[in-house]
Amino acid sequence: MHHLKTPIGINRKFILISTIFLGLVIGCNHTNQRPRTGNSGAATNPVASNDSAVVKQAINTPARVYAKPEVPVLCYHRIADDRKSDYEVSPATFTSHIKILADSGYHSISPTQLYDYLVHNKALPEKPVMITFDDSRVEHSVVAAPVMEKYGFRGVFFIMTITYNKKNYMTTDQIAQLAKAGHTIGLHSWDHTMVTKYKETADWQKQVAEPKKKLEKIVGKEVEYWAYPNGLYDHKGAEELSKYFKLSFTLTTKRDSIQPLQTVRRMIVPEWTPQGLLKSMRQTFGKKKI
Ligand SMILES: [Zn+2]
């Protein structure tokens, strides 16, 4: 390693800057590396790691997170030829959606990339999009994942854990396989009860804490992302979820300005034409360059 002689002035400057940072860190009483945007104190820029005063990365305030251009996040449910509702698409339509995204230069991003963009201002690939799936249906692993992988995309699968190994739903092996293939596994509650109905500690245990632990055992890594059953949230619920997850995803409802990380918007994708999908993405998430 090269050792460069440093002029004394720079050393002084460094000490001065370090002292200022240290003061800020102590003043704001930051002990956790992960920002909890609901806390009134989580609005500073420098942050220290737990064991030293090394300045790591900028952390955006909730207001700054809220003001950033939104990344389009798509949400698919059932994928089948015998469509039963507007929330469903045929396998051919799904394939055409992925193909036009790839042909148009989109890059699929993971929730971790989105988090780092929102919180730490990390750069995203050009034309980012996130592709998510709710309700742990078996076709997500046997139809959707192979199509995405063919185009170099990776998805995010939100698991409702009551469905493990049930007919028409993914087995625990299939879920583990998705994680191994580079997809992200998130939680979608135990039995799809809406967050607005969790009243007691026991509800949070049953719908969030316990299924999260079990799912983490299955995929062999931390489960850091949540999708609200029915997309529904309230402020209290979002605040509570911030203790468990880095990001939580709603549907196209209004975001919570205090908890923007826990109310990331997604768009349900129905049986649109490929061009219709691109148009809706622009209408829903804006045209601002990210
Ligand atoms: Zn759902």
# chains A, B, ... in the order shown; residues from 1 in each chain; ligands from 1
>>> residues_around(residues="Lys236 (chain A)", least_positions_apart="4", cutoff="9 Å", atoms="only C-alpha atoms", output="mmCIF file with C-alpha atoms, in the first residue's frame")
data_model
loop_
_atom_site.group_PDB
_atom_site.id
_atom_site.type_symbol
_atom_site.label_atom_id
_atom_site.label_comp_id
_atom_site.auth_asym_id
_atom_site.auth_seq_id
_atom_site.Cartn_x
_atom_site.Cartn_y
_atom_site.Cartn_z
ATOM 1 C CA THR A 196 -55.629 -2.245 9.322
ATOM 2 C CA GLU A 240 -45.157 -0.716 13.048
ATOM 3 C CA LEU A 241 -44.008 -2.417 9.843
#
>>> closest_atom_pairs(of="chain A", to="ligand 1", cutoff="10 Å", atoms="only C-alpha atoms and all ligand atoms", output="JSON lines")
{"residue": "A:Cys75", "atom": "CA", "partner": "ligand 1", "partner_atom_place_in_ligand_line": "1 (Zn)", "distance": 9.9}
{"residue": "A:Tyr76", "atom": "CA", "partner": "ligand 1", "partner_atom_place_in_ligand_line": "1 (Zn)", "distance": 9.6}
{"residue": "A:His77", "atom": "CA", "partner": "ligand 1", "partner_atom_place_in_ligand_line": "1 (Zn)", "distance": 7.5}
{"residue": "A:Phe133", "atom": "CA", "partner": "ligand 1", "partner_atom_place_in_ligand_line": "1 (Zn)", "distance": 8.7}
{"residue": "A:Asp134", "atom": "CA", "partner": "ligand 1", "partner_atom_place_in_ligand_line": "1 (Zn)", "distance": 5.0}
{"residue": "A:Asp135", "atom": "CA", "partner": "ligand 1", "partner_atom_place_in_ligand_line": "1 (Zn)", "distance": 4.8}
{"residue": "A:Ser136", "atom": "CA", "partner": "ligand 1", "partner_atom_place_in_ligand_line": "1 (Zn)", "distance": 8.6}
{"residue": "A:Phe158", "atom": "CA", "partner": "ligand 1", "partner_atom_place_in_ligand_line": "1 (Zn)", "distance": 8.2}
{"residue": "A:Ile159", "atom": "CA", "partner": "ligand 1", "partner_atom_place_in_ligand_line": "1 (Zn)", "distance": 8.6}
{"residue": "A:Met160", "atom": "CA", "partner": "ligand 1", "partner_atom_place_in_ligand_line": "1 (Zn)", "distance": 7.4}
{"residue": "A:His188", "atom": "CA", "partner": "ligand 1", "partner_atom_place_in_ligand_line": "1 (Zn)", "distance": 6.7}
{"residue": "A:Ser189", "atom": "CA", "partner": "ligand 1", "partner_atom_place_in_ligand_line": "1 (Zn)", "distance": 8.8}
{"residue": "A:Asp191", "atom": "CA", "partner": "ligand 1", "partner_atom_place_in_ligand_line": "1 (Zn)", "distance": 9.3}
{"residue": "A:His192", "atom": "CA", "partner": "ligand 1", "partner_atom_place_in_ligand_line": "1 (Zn)", "distance": 6.3}
{"residue": "A:Thr193", "atom": "CA", "partner": "ligand 1", "partner_atom_place_in_ligand_line": "1 (Zn)", "distance": 9.3}
{"residue": "A:Met194", "atom": "CA", "partner": "ligand 1", "partner_atom_place_in_ligand_line": "1 (Zn)", "distance": 9.5}
{"residue": "A:Ala227", "atom": "CA", "partner": "ligand 1", "partner_atom_place_in_ligand_line": "1 (Zn)", "distance": 7.9}
{"residue": "A:Tyr228", "atom": "CA", "partner": "ligand 1", "partner_atom_place_in_ligand_line": "1 (Zn)", "distance": 7.4}
{"residue": "A:Pro229", "atom": "CA", "partner": "ligand 1", "partner_atom_place_in_ligand_line": "1 (Zn)", "distance": 4.8}
{"residue": "A:Asn230", "atom": "CA", "partner": "ligand 1", "partner_atom_place_in_ligand_line": "1 (Zn)", "distance": 5.6}
{"residue": "A:Gly231", "atom": "CA", "partner": "ligand 1", "partner_atom_place_in_ligand_line": "1 (Zn)", "distance": 7.7}
>>> closest_residue(among="A:Thr163, A:Thr252, A:Gln262, A:Ser280", to="Leu215 (chain A)", atoms="only C-alpha atoms")
A:Thr163
>>> closest_atom_pairs(of="region 47-131 of chain A", to="region 141-152 of chain A", cutoff="10 Å", atoms="only C-alpha atoms", output="JSON lines")
{"residue": "A:Tyr76", "atom": "CA", "partner": "A:Ala144", "partner_atom": "CA", "distance": 9.6}
{"residue": "A:Ile79", "atom": "CA", "partner": "A:Val143", "partner_atom": "CA", "distance": 8.0}
{"residue": "A:Ala80", "atom": "CA", "partner": "A:Val143", "partner_atom": "CA", "distance": 9.3}
{"residue": "A:Pro91", "atom": "CA", "partner": "A:Val143", "partner_atom": "CA", "distance": 7.1}
{"residue": "A:Phe94", "atom": "CA", "partner": "A:Ala144", "partner_atom": "CA", "distance": 7.5}
{"residue": "A:Thr95", "atom": "CA", "partner": "A:Val147", "partner_atom": "CA", "distance": 6.4}
{"residue": "A:Ser96", "atom": "CA", "partner": "A:Val147", "partner_atom": "CA", "distance": 9.8}
{"residue": "A:Ile98", "atom": "CA", "partner": "A:Met148", "partner_atom": "CA", "distance": 6.7}
{"residue": "A:Lys99", "atom": "CA", "partner": "A:Tyr151", "partner_atom": "CA", "distance": 7.3}
{"residue": "A:Leu101", "atom": "CA", "partner": "A:Tyr151", "partner_atom": "CA", "distance": 9.3}
{"residue": "A:Ala102", "atom": "CA", "partner": "A:Tyr151", "partner_atom": "CA", "distance": 6.6}
{"residue": "A:Asp103", "atom": "CA", "partner": "A:Tyr151", "partner_atom": "CA", "distance": 9.3}
{"residue": "A:His107", "atom": "CA", "partner": "A:Gly152", "partner_atom": "CA", "distance": 8.5}
{"residue": "A:Ser108", "atom": "CA", "partner": "A:Gly152", "partner_atom": "CA", "distance": 8.3}
{"residue": "A:Ile131", "atom": "CA", "partner": "A:Met148", "partner_atom": "CA", "distance": 9.3}
>>> write_last_selection(atoms="C-alpha atoms", output="tab-separated table (two decimals), in the first residue's frame")
chain	number	residue	atom	x	y	z
A	76	TYR	CA	-49.16	-9.39	-10.93
A	79	ILE	CA	-51.46	-15.83	-14.43
A	80	ALA	CA	-53.72	-18.26	-16.33
A	91	PRO	CA	-49.32	-16.40	-19.79
A	94	PHE	CA	-47.39	-11.79	-19.31
A	95	THR	CA	-44.70	-12.88	-21.76
A	96	SER	CA	-45.53	-9.98	-24.09
A	98	ILE	CA	-41.76	-8.83	-20.19
A	99	LYS	CA	-40.66	-8.82	-23.83
A	101	LEU	CA	-39.95	-4.10	-21.23
A	102	ALA	CA	-36.74	-5.81	-22.35
A	103	ASP	CA	-37.05	-4.54	-25.92
A	107	HIS	CA	-33.88	-3.17	-16.36
A	108	SER	CA	-35.54	-5.05	-13.52
A	131	ILE	CA	-41.80	-6.70	-11.20
>>> atom_distance(atom1="CA of Arg154 (chain A)", atom2="CA of Val129 (chain A)")
10.2 Å
>>> select_by_dssp(residues="region 27-252 of chain A", states="alpha helix (DSSP H)", output="PDB file with N, CA and C atoms, in the first residue's frame")
ATOM      1  N   GLY A  27     -25.038  13.863  18.787  1.00  0.00           N
ATOM      2  CA  GLY A  27     -26.184  14.733  18.999  1.00  0.00           C
ATOM      3  C   GLY A  27     -27.493  14.099  18.573  1.00  0.00           C
ATOM      4  N   CYS A  28     -27.461  13.295  17.514  1.00  0.00           N
ATOM      5  CA  CYS A  28     -28.695  12.715  17.005  1.00  0.00           C
ATOM      6  C   CYS A  28     -28.971  11.345  17.572  1.00  0.00           C
ATOM      7  N   PRO A  62     -37.442  11.494   5.375  1.00  0.00           N
ATOM      8  CA  PRO A  62     -38.689  11.059   4.732  1.00  0.00           C
ATOM      9  C   PRO A  62     -39.124  12.031   3.623  1.00  0.00           C
ATOM     10  N   ALA A  63     -38.938  13.328   3.880  1.00  0.00           N
ATOM     11  CA  ALA A  63     -39.357  14.325   2.874  1.00  0.00           C
ATOM     12  C   ALA A  63     -38.568  14.151   1.582  1.00  0.00           C
ATOM     13  N   ARG A  64     -37.282  13.863   1.720  1.00  0.00           N
ATOM     14  CA  ARG A  64     -36.454  13.681   0.521  1.00  0.00           C
ATOM     15  C   ARG A  64     -36.806  12.389  -0.205  1.00  0.00           C
ATOM     16  N   VAL A  65     -37.061  11.345   0.574  1.00  0.00           N
ATOM     17  CA  VAL A  65     -37.461  10.073  -0.041  1.00  0.00           C
ATOM     18  C   VAL A  65     -38.746  10.300  -0.831  1.00  0.00           C
ATOM     19  N   TYR A  66     -39.670  10.997  -0.196  1.00  0.00           N
ATOM     20  CA  TYR A  66     -40.991  11.253  -0.798  1.00  0.00           C
ATOM     21  C   TYR A  66     -40.865  12.044  -2.096  1.00  0.00           C
ATOM     22  N   ALA A  67     -39.880  12.942  -2.147  1.00  0.00           N
ATOM     23  CA  ALA A  67     -39.760  13.839  -3.304  1.00  0.00           C
ATOM     24  C   ALA A  67     -39.036  13.193  -4.492  1.00  0.00           C
ATOM     25  N   PRO A  91     -50.780 -16.230 -19.657  1.00  0.00           N
ATOM     26  CA  PRO A  91     -49.319 -16.400 -19.786  1.00  0.00           C
ATOM     27  C   PRO A  91     -48.782 -15.680 -21.023  1.00  0.00           C
ATOM     28  N   ALA A  92     -49.554 -15.695 -22.137  1.00  0.00           N
ATOM     29  CA  ALA A  92     -49.083 -15.029 -23.361  1.00  0.00           C
ATOM     30  C   ALA A  92     -48.954 -13.519 -23.139  1.00  0.00           C
ATOM     31  N   THR A  93     -49.931 -12.942 -22.445  1.00  0.00           N
ATOM     32  CA  THR A  93     -49.864 -11.503 -22.153  1.00  0.00           C
ATOM     33  C   THR A  93     -48.687 -11.192 -21.243  1.00  0.00           C
ATOM     34  N   PHE A  94     -48.513 -12.020 -20.224  1.00  0.00           N
ATOM     35  CA  PHE A  94     -47.388 -11.788 -19.315  1.00  0.00           C
ATOM     36  C   PHE A  94     -46.073 -11.794 -20.089  1.00  0.00           C
ATOM     37  N   THR A  95     -45.927 -12.793 -20.968  1.00  0.00           N
ATOM     38  CA  THR A  95     -44.695 -12.881 -21.763  1.00  0.00           C
ATOM     39  C   THR A  95     -44.515 -11.638 -22.631  1.00  0.00           C
ATOM     40  N   SER A  96     -45.619 -11.169 -23.224  1.00  0.00           N
ATOM     41  CA  SER A  96     -45.527  -9.981 -24.093  1.00  0.00           C
ATOM     42  C   SER A  96     -45.142  -8.742 -23.283  1.00  0.00           C
ATOM     43  N   HIS A  97     -45.578  -8.682 -22.028  1.00  0.00           N
ATOM     44  CA  HIS A  97     -45.201  -7.556 -21.157  1.00  0.00           C
ATOM     45  C   HIS A  97     -43.692  -7.572 -20.875  1.00  0.00           C
ATOM     46  N   ILE A  98     -43.196  -8.728 -20.526  1.00  0.00           N
ATOM     47  CA  ILE A  98     -41.761  -8.829 -20.194  1.00  0.00           C
ATOM     48  C   ILE A  98     -40.931  -8.531 -21.441  1.00  0.00           C
ATOM     49  N   LYS A  99     -41.409  -9.029 -22.581  1.00  0.00           N
ATOM     50  CA  LYS A  99     -40.659  -8.822 -23.825  1.00  0.00           C
ATOM     51  C   LYS A  99     -40.579  -7.333 -24.181  1.00  0.00           C
ATOM     52  N   ILE A 100     -41.707  -6.619 -24.073  1.00  0.00           N
ATOM     53  CA  ILE A 100     -41.649  -5.200 -24.456  1.00  0.00           C
ATOM     54  C   ILE A 100     -40.790  -4.396 -23.466  1.00  0.00           C
ATOM     55  N   LEU A 101     -40.806  -4.790 -22.207  1.00  0.00           N
ATOM     56  CA  LEU A 101     -39.948  -4.101 -21.233  1.00  0.00           C
ATOM     57  C   LEU A 101     -38.479  -4.291 -21.611  1.00  0.00           C
ATOM     58  N   ALA A 102     -38.129  -5.528 -21.954  1.00  0.00           N
ATOM     59  CA  ALA A 102     -36.740  -5.813 -22.348  1.00  0.00           C
ATOM     60  C   ALA A 102     -36.402  -5.090 -23.655  1.00  0.00           C
ATOM     61  N   ASP A 103     -37.307  -5.182 -24.621  1.00  0.00           N
ATOM     62  CA  ASP A 103     -37.047  -4.540 -25.924  1.00  0.00           C
ATOM     63  C   ASP A 103     -36.955  -3.017 -25.801  1.00  0.00           C
ATOM     64  N   PRO A 111     -35.738  -4.930  -4.654  1.00  0.00           N
ATOM     65  CA  PRO A 111     -36.135  -3.977  -3.612  1.00  0.00           C
ATOM     66  C   PRO A 111     -34.923  -3.376  -2.898  1.00  0.00           C
ATOM     67  N   THR A 112     -33.849  -4.136  -2.810  1.00  0.00           N
ATOM     68  CA  THR A 112     -32.653  -3.600  -2.162  1.00  0.00           C
ATOM     69  C   THR A 112     -32.076  -2.448  -2.977  1.00  0.00           C
ATOM     70  N   GLN A 113     -32.084  -2.594  -4.298  1.00  0.00           N
ATOM     71  CA  GLN A 113     -31.638  -1.484  -5.156  1.00  0.00           C
ATOM     72  C   GLN A 113     -32.547  -0.275  -4.985  1.00  0.00           C
ATOM     73  N   LEU A 114     -33.862  -0.533  -4.888  1.00  0.00           N
ATOM     74  CA  LEU A 114     -34.803   0.576  -4.725  1.00  0.00           C
ATOM     75  C   LEU A 114     -34.563   1.289  -3.389  1.00  0.00           C
ATOM     76  N   TYR A 115     -34.358   0.485  -2.350  1.00  0.00           N
ATOM     77  CA  TYR A 115     -34.096   1.049  -1.017  1.00  0.00           C
ATOM     78  C   TYR A 115     -32.835   1.923  -1.043  1.00  0.00           C
ATOM     79  N   ASP A 116     -31.779   1.398  -1.659  1.00  0.00           N
ATOM     80  CA  ASP A 116     -30.520   2.147  -1.709  1.00  0.00           C
ATOM     81  C   ASP A 116     -30.656   3.433  -2.531  1.00  0.00           C
ATOM     82  N   TYR A 117     -31.498   3.392  -3.532  1.00  0.00           N
ATOM     83  CA  TYR A 117     -31.777   4.599  -4.324  1.00  0.00           C
ATOM     84  C   TYR A 117     -32.547   5.617  -3.475  1.00  0.00           C
ATOM     85  N   LEU A 118     -33.593   5.151  -2.802  1.00  0.00           N
ATOM     86  CA  LEU A 118     -34.441   6.066  -2.038  1.00  0.00           C
ATOM     87  C   LEU A 118     -33.722   6.642  -0.822  1.00  0.00           C
ATOM     88  N   VAL A 119     -32.966   5.798  -0.146  1.00  0.00           N
ATOM     89  CA  VAL A 119     -32.375   6.204   1.134  1.00  0.00           C
ATOM     90  C   VAL A 119     -30.962   6.752   0.978  1.00  0.00           C
ATOM     91  N   HIS A 120     -30.170   6.105   0.121  1.00  0.00           N
ATOM     92  CA  HIS A 120     -28.751   6.487   0.021  1.00  0.00           C
ATOM     93  C   HIS A 120     -28.396   7.155  -1.309  1.00  0.00           C
ATOM     94  N   VAL A 138     -48.590 -20.927  -7.762  1.00  0.00           N
ATOM     95  CA  VAL A 138     -47.594 -21.832  -8.345  1.00  0.00           C
ATOM     96  C   VAL A 138     -47.087 -21.353  -9.700  1.00  0.00           C
ATOM     97  N   GLU A 139     -47.951 -20.695 -10.482  1.00  0.00           N
ATOM     98  CA  GLU A 139     -47.500 -20.254 -11.817  1.00  0.00           C
ATOM     99  C   GLU A 139     -46.427 -19.160 -11.727  1.00  0.00           C
ATOM    100  N   ALA A 145     -41.320 -16.851 -13.528  1.00  0.00           N
ATOM    101  CA  ALA A 145     -39.868 -16.791 -13.286  1.00  0.00           C
ATOM    102  C   ALA A 145     -39.062 -17.207 -14.518  1.00  0.00           C
ATOM    103  N   PRO A 146     -39.400 -18.333 -15.178  1.00  0.00           N
ATOM    104  CA  PRO A 146     -38.623 -18.709 -16.368  1.00  0.00           C
ATOM    105  C   PRO A 146     -38.681 -17.656 -17.479  1.00  0.00           C
ATOM    106  N   VAL A 147     -39.842 -17.023 -17.679  1.00  0.00           N
ATOM    107  CA  VAL A 147     -39.945 -15.976 -18.711  1.00  0.00           C
ATOM    108  C   VAL A 147     -39.020 -14.813 -18.347  1.00  0.00           C
ATOM    109  N   MET A 148     -39.073 -14.376 -17.103  1.00  0.00           N
ATOM    110  CA  MET A 148     -38.220 -13.247 -16.682  1.00  0.00           C
ATOM    111  C   MET A 148     -36.745 -13.602 -16.820  1.00  0.00           C
ATOM    112  N   GLU A 149     -36.406 -14.801 -16.407  1.00  0.00           N
ATOM    113  CA  GLU A 149     -34.989 -15.207 -16.462  1.00  0.00           C
ATOM    114  C   GLU A 149     -34.480 -15.237 -17.903  1.00  0.00           C
ATOM    115  N   LYS A 150     -35.353 -15.636 -18.828  1.00  0.00           N
ATOM    116  CA  LYS A 150     -34.976 -15.666 -20.248  1.00  0.00           C
ATOM    117  C   LYS A 150     -34.536 -14.275 -20.727  1.00  0.00           C
ATOM    118  N   THR A 172     -42.646 -25.041  -0.573  1.00  0.00           N
ATOM    119  CA  THR A 172     -41.535 -24.340   0.078  1.00  0.00           C
ATOM    120  C   THR A 172     -40.255 -24.509  -0.746  1.00  0.00           C
ATOM    121  N   ASP A 173     -40.117 -25.664  -1.418  1.00  0.00           N
ATOM    122  CA  ASP A 173     -38.937 -25.870  -2.281  1.00  0.00           C
ATOM    123  C   ASP A 173     -38.922 -24.889  -3.443  1.00  0.00           C
ATOM    124  N   GLN A 174     -40.082 -24.671  -4.038  1.00  0.00           N
ATOM    125  CA  GLN A 174     -40.156 -23.718  -5.162  1.00  0.00           C
ATOM    126  C   GLN A 174     -39.796 -22.305  -4.703  1.00  0.00           C
ATOM    127  N   ILE A 175     -40.240 -21.949  -3.520  1.00  0.00           N
ATOM    128  CA  ILE A 175     -39.921 -20.613  -2.976  1.00  0.00           C
ATOM    129  C   ILE A 175     -38.411 -20.496  -2.751  1.00  0.00           C
ATOM    130  N   ALA A 176     -37.826 -21.544  -2.169  1.00  0.00           N
ATOM    131  CA  ALA A 176     -36.378 -21.536  -1.928  1.00  0.00           C
ATOM    132  C   ALA A 176     -35.618 -21.451  -3.253  1.00  0.00           C
ATOM    133  N   GLN A 177     -36.140 -22.142  -4.261  1.00  0.00           N
ATOM    134  CA  GLN A 177     -35.507 -22.151  -5.579  1.00  0.00           C
ATOM    135  C   GLN A 177     -35.500 -20.762  -6.207  1.00  0.00           C
ATOM    136  N   LEU A 178     -36.600 -20.038  -6.056  1.00  0.00           N
ATOM    137  CA  LEU A 178     -36.668 -18.662  -6.587  1.00  0.00           C
ATOM    138  C   LEU A 178     -35.590 -17.787  -5.959  1.00  0.00           C
ATOM    139  N   ALA A 179     -35.440 -17.923  -4.646  1.00  0.00           N
ATOM    140  CA  ALA A 179     -34.429 -17.124  -3.947  1.00  0.00           C
ATOM    141  C   ALA A 179     -33.038 -17.478  -4.463  1.00  0.00           C
ATOM    142  N   LYS A 180     -32.810 -18.775  -4.676  1.00  0.00           N
ATOM    143  CA  LYS A 180     -31.509 -19.220  -5.171  1.00  0.00           C
ATOM    144  C   LYS A 180     -31.220 -18.675  -6.556  1.00  0.00           C
ATOM    145  N   THR A 201     -50.864  -7.273  19.947  1.00  0.00           N
ATOM    146  CA  THR A 201     -49.528  -7.827  19.713  1.00  0.00           C
ATOM    147  C   THR A 201     -49.632  -9.210  19.081  1.00  0.00           C
ATOM    148  N   ALA A 202     -50.614  -9.978  19.520  1.00  0.00           N
ATOM    149  CA  ALA A 202     -50.771 -11.343  18.998  1.00  0.00           C
ATOM    150  C   ALA A 202     -51.032 -11.332  17.493  1.00  0.00           C
ATOM    151  N   ASP A 203     -51.759 -10.330  17.002  1.00  0.00           N
ATOM    152  CA  ASP A 203     -52.025 -10.233  15.554  1.00  0.00           C
ATOM    153  C   ASP A 203     -50.727 -10.007  14.794  1.00  0.00           C
ATOM    154  N   TRP A 204     -49.906  -9.118  15.326  1.00  0.00           N
ATOM    155  CA  TRP A 204     -48.615  -8.834  14.671  1.00  0.00           C
ATOM    156  C   TRP A 204     -47.723 -10.052  14.695  1.00  0.00           C
ATOM    157  N   GLU A 210     -44.002 -14.169  13.184  1.00  0.00           N
ATOM    158  CA  GLU A 210     -43.810 -15.622  13.034  1.00  0.00           C
ATOM    159  C   GLU A 210     -43.636 -16.042  11.572  1.00  0.00           C
ATOM    160  N   PRO A 211     -44.534 -15.633  10.658  1.00  0.00           N
ATOM    161  CA  PRO A 211     -44.327 -16.033   9.254  1.00  0.00           C
ATOM    162  C   PRO A 211     -43.018 -15.514   8.674  1.00  0.00           C
ATOM    163  N   LYS A 212     -42.572 -14.335   9.128  1.00  0.00           N
ATOM    164  CA  LYS A 212     -41.292 -13.785   8.645  1.00  0.00           C
ATOM    165  C   LYS A 212     -40.147 -14.727   9.024  1.00  0.00           C
ATOM    166  N   LYS A 213     -40.149 -15.173  10.279  1.00  0.00           N
ATOM    167  CA  LYS A 213     -39.095 -16.076  10.745  1.00  0.00           C
ATOM    168  C   LYS A 213     -39.095 -17.378   9.959  1.00  0.00           C
ATOM    169  N   LYS A 214     -40.291 -17.942   9.761  1.00  0.00           N
ATOM    170  CA  LYS A 214     -40.397 -19.219   9.046  1.00  0.00           C
ATOM    171  C   LYS A 214     -39.937 -19.072   7.605  1.00  0.00           C
ATOM    172  N   LEU A 215     -40.352 -17.987   6.982  1.00  0.00           N
ATOM    173  CA  LEU A 215     -39.974 -17.754   5.585  1.00  0.00           C
ATOM    174  C   LEU A 215     -38.457 -17.572   5.463  1.00  0.00           C
ATOM    175  N   GLU A 216     -37.872 -16.922   6.440  1.00  0.00           N
ATOM    176  CA  GLU A 216     -36.414 -16.725   6.421  1.00  0.00           C
ATOM    177  C   GLU A 216     -35.685 -18.056   6.504  1.00  0.00           C
ATOM    178  N   LYS A 217     -36.252 -19.003   7.254  1.00  0.00           N
ATOM    179  CA  LYS A 217     -35.650 -20.339   7.331  1.00  0.00           C
ATOM    180  C   LYS A 217     -35.712 -21.013   5.967  1.00  0.00           C
ATOM    181  N   ILE A 218     -36.826 -20.825   5.276  1.00  0.00           N
ATOM    182  CA  ILE A 218     -37.014 -21.476   3.971  1.00  0.00           C
ATOM    183  C   ILE A 218     -36.048 -20.909   2.928  1.00  0.00           C
ATOM    184  N   VAL A 219     -35.906 -19.596   2.883  1.00  0.00           N
ATOM    185  CA  VAL A 219     -35.070 -18.985   1.838  1.00  0.00           C
ATOM    186  C   VAL A 219     -33.608 -18.809   2.275  1.00  0.00           C
ATOM    187  N   HIS A 235     -51.539   4.696   8.876  1.00  0.00           N
ATOM    188  CA  HIS A 235     -50.254   5.250   9.330  1.00  0.00           C
ATOM    189  C   HIS A 235     -49.635   4.419  10.452  1.00  0.00           C
ATOM    190  N   LYS A 236     -50.492   3.996  11.393  1.00  0.00           N
ATOM    191  CA  LYS A 236     -50.009   3.219  12.529  1.00  0.00           C
ATOM    192  C   LYS A 236     -49.390   1.905  12.077  1.00  0.00           C
ATOM    193  N   GLY A 237     -50.061   1.274  11.146  1.00  0.00           N
ATOM    194  CA  GLY A 237     -49.569   0.005  10.618  1.00  0.00           C
ATOM    195  C   GLY A 237     -48.236   0.177   9.907  1.00  0.00           C
ATOM    196  N   ALA A 238     -48.135   1.244   9.116  1.00  0.00           N
ATOM    197  CA  ALA A 238     -46.896   1.511   8.380  1.00  0.00           C
ATOM    198  C   ALA A 238     -45.749   1.732   9.360  1.00  0.00           C
ATOM    199  N   GLU A 239     -46.048   2.447  10.440  1.00  0.00           N
ATOM    200  CA  GLU A 239     -45.022   2.717  11.440  1.00  0.00           C
ATOM    201  C   GLU A 239     -44.553   1.419  12.099  1.00  0.00           C
ATOM    202  N   GLU A 240     -45.501   0.561  12.416  1.00  0.00           N
ATOM    203  CA  GLU A 240     -45.157  -0.716  13.048  1.00  0.00           C
ATOM    204  C   GLU A 240     -44.339  -1.585  12.089  1.00  0.00           C
ATOM    205  N   LEU A 241     -44.721  -1.589  10.820  1.00  0.00           N
ATOM    206  CA  LEU A 241     -44.008  -2.417   9.843  1.00  0.00           C
ATOM    207  C   LEU A 241     -42.561  -1.950   9.648  1.00  0.00           C
TER     208      LEU A 241
END
>>> closest_residue(among="A:Val208, A:Arg137, A:Leu278, A:Val73", to="Lys166 (chain A)", atoms="only C-alpha atoms")
A:Arg137
>>> residues_around(residues="region 243-246 of chain A", least_positions_apart="6", cutoff="7 Å", atoms="only C-alpha atoms", output="PyMOL selection string")
chain A and resi 224-226
>>> select_by_dssp(residues="region 31-268 of chain A", states="strand (DSSP E or B)", output="PyMOL selection string")
chain A and resi 48+55+73-76+79+89+107-108+128-134+137+156-159+169+184-187+225-227+247-249+264+267-268
>>> atom_distance(atom1="CA of Lys288 (chain A)", atom2="CA of Thr273 (chain A)")
23.0 Å
>>> residues_around(residues="Thr284 (chain A)", least_positions_apart="5", cutoff="10 Å", atoms="only C-alpha atoms", output="list in words")
Glu70, Pro72, Val73, Thr252, Arg265, Arg266, Met267 and Lys279 of chain A
>>> write_last_selection(atoms="C-alpha atoms", output="PDB file, in the first residue's frame")
ATOM      1  CA  GLU A  70     -40.875   7.023  -8.310  1.00  0.00           C
ATOM      2  CA  PRO A  72     -42.440   1.930 -11.726  1.00  0.00           C
ATOM      3  CA  VAL A  73     -43.397  -1.131  -9.691  1.00  0.00           C
ATOM      4  CA  THR A 252     -51.865   2.705  -6.233  1.00  0.00           C
ATOM      5  CA  ARG A 265     -46.703   2.397  -4.650  1.00  0.00           C
ATOM      6  CA  ARG A 266     -47.284  -0.450  -7.094  1.00  0.00           C
ATOM      7  CA  MET A 267     -49.574  -0.755 -10.090  1.00  0.00           C
ATOM      8  CA  LYS A 279     -48.412   3.966 -21.348  1.00  0.00           C
TER       9      LYS A 279
END
>>> atom_distance(atom1="CA of Asp86 (chain A)", atom2="CA of Lys167 (chain A)")
22.3 Å
>>> closest_residue(among="A:Gly186, A:Gly105, A:Pro128, A:Gly155", to="Pro69 (chain A)", atoms="only C-alpha atoms")
A:Pro128
